[in-house]
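Working notes, beginning with the structure itself.
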Amino acid sequence: MKGQLSKEVEAPVPASDLWDVYGSLELVRLIKELLPEILHDVGVDVGDGGVGTVLKITLAPGSPVAFYKEKFIEVDHEKRIKVVDVVEGGYLEAGFSLYRTTFEIIEKGDHSSVISTIDYELDDASADNAALVSIKPLEIVAETLGKYLKEKKIDHANV
């Protein structure tokens, strides 16, 4: 069984500001800081934020998946696209053979948007586990980061 979920969230900051976060390890640091109810802990197993980087993600208690490792398989600074695959634990233990998240930052004048997409595949015996897939946490992250970056920009302008 294959599936895909996608959501576009407007952000009140330029695409370059948003990509500075999404295109680096700053993303997980800010999620952990601003949204501890989503991300409990994150560790860098390998890499510096580029292709090949592997992170160990521990989600907050009560999440449908406790932990997993993800690998950055594409980080395109020109197109502002980042693709990560779950490579260990979590969704793979629940019968998924693919769990891929893609972030695309789109320029929209002074503002931008984040398009978050989850592609997944799982075997027929585990088809009920498709209910574990939710785009909502990524939507919350995009909204929160947009607000945070806008406030940060306002604070710097008032200094």
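Simple scheme: letters A, B, ... for chains in structure tokens order, numbers from 1 for residues in each chain, numbers from 1 for ligands in the order shown.
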
Item to check | Residues near Lys69 of chain A, cut-off 8 Å, only C-alpha atoms, skip fewer than 3 positions along chain, as number ranges by chain | outcome: A: 54-57, 86-90

Exercise for the section: Please identify which residues in segment 29-152 of chain A DSSP calls strand (DSSP E or B) from the backbone, and express them as number ranges by chain. Expected result: A: 39-46, 54-59, 67-76, 81-89, 96-108, 111-122

Sort by chain and increasing residue number a table of all residues of segment 33-135 of chain A within 9 Å of segment 140-143 of chain A, each with its closest pair of atoms and their distance in Å to one decimal, counting only C-alpha atoms, and write it as JSON lines.
```
{"residue": "A:Leu34", "atom": "CA", "partner": "A:Val141", "partner_atom": "CA", "distance": 8.8}
{"residue": "A:Leu35", "atom": "CA", "partner": "A:Val141", "partner_atom": "CA", "distance": 7.7}
{"residue": "A:Ile38", "atom": "CA", "partner": "A:Val141", "partner_atom": "CA", "distance": 8.9}
{"residue": "A:Ser113", "atom": "CA", "partner": "A:Ala142", "partner_atom": "CA", "distance": 8.5}
{"residue": "A:Val114", "atom": "CA", "partner": "A:Ala142", "partner_atom": "CA", "distance": 6.6}
{"residue": "A:Ile115", "atom": "CA", "partner": "A:Ala142", "partner_atom": "CA", "distance": 8.9}
{"residue": "A:Ser116", "atom": "CA", "partner": "A:Ala142", "partner_atom": "CA", "distance": 8.6}
{"residue": "A:Ile135", "atom": "CA", "partner": "A:Ile140", "partner_atom": "CA", "distance": 8.9}
```

Keeping only N, CA, C and O atoms, write those residues as an mmCIF file, in the first residue's frame.
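That gives us out.cif:
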```cif
data_model
loop_
_atom_site.group_PDB
_atom_site.id
_atom_site.type_symbol
_atom_site.label_atom_id
_atom_site.label_comp_id
_atom_site.auth_asym_id
_atom_site.auth_seq_id
_atom_site.Cartn_x
_atom_site.Cartn_y
_atom_site.Cartn_z
ATOM 1 N N LEU A 34 11.189 25.070 20.624
ATOM 2 C CA LEU A 34 9.884 25.716 20.549
ATOM 3 C C LEU A 34 8.704 24.762 20.719
ATOM 4 O O LEU A 34 7.623 25.192 21.109
ATOM 5 N N LEU A 35 8.909 23.489 20.405
ATOM 6 C CA LEU A 35 7.807 22.522 20.428
ATOM 7 C C LEU A 35 8.218 21.224 21.136
ATOM 8 O O LEU A 35 8.202 20.149 20.543
ATOM 9 N N ILE A 38 6.301 17.998 20.758
ATOM 10 C CA ILE A 38 6.431 17.184 19.548
ATOM 11 C C ILE A 38 7.752 16.421 19.554
ATOM 12 O O ILE A 38 7.793 15.220 19.319
ATOM 13 N N SER A 113 6.167 29.987 1.602
ATOM 14 C CA SER A 113 5.385 28.893 2.156
ATOM 15 C C SER A 113 6.240 27.643 2.218
ATOM 16 O O SER A 113 7.237 27.514 1.509
ATOM 17 N N VAL A 114 5.828 26.764 3.100
ATOM 18 C CA VAL A 114 6.466 25.468 3.264
ATOM 19 C C VAL A 114 5.475 24.430 2.763
ATOM 20 O O VAL A 114 4.327 24.404 3.213
ATOM 21 N N ILE A 115 5.919 23.608 1.829
ATOM 22 C CA ILE A 115 5.105 22.471 1.419
ATOM 23 C C ILE A 115 5.753 21.240 2.036
ATOM 24 O O ILE A 115 6.900 20.911 1.724
ATOM 25 N N SER A 116 5.051 20.618 2.958
ATOM 26 C CA SER A 116 5.526 19.401 3.613
ATOM 27 C C SER A 116 4.768 18.228 3.016
ATOM 28 O O SER A 116 3.541 18.265 2.927
ATOM 29 N N ILE A 135 0.146 14.531 8.925
ATOM 30 C CA ILE A 135 0.842 15.727 8.467
ATOM 31 C C ILE A 135 0.731 16.848 9.499
ATOM 32 O O ILE A 135 1.457 17.838 9.443
#
```

_Who sits within 10 Å of Asp76 of chain A, only C-alpha atoms, same chain under 5 positions skipped, as a list in words_ = Gly23, Gly50, Val51, Ile81, Lys82, Val83 and Glu104 of chain A
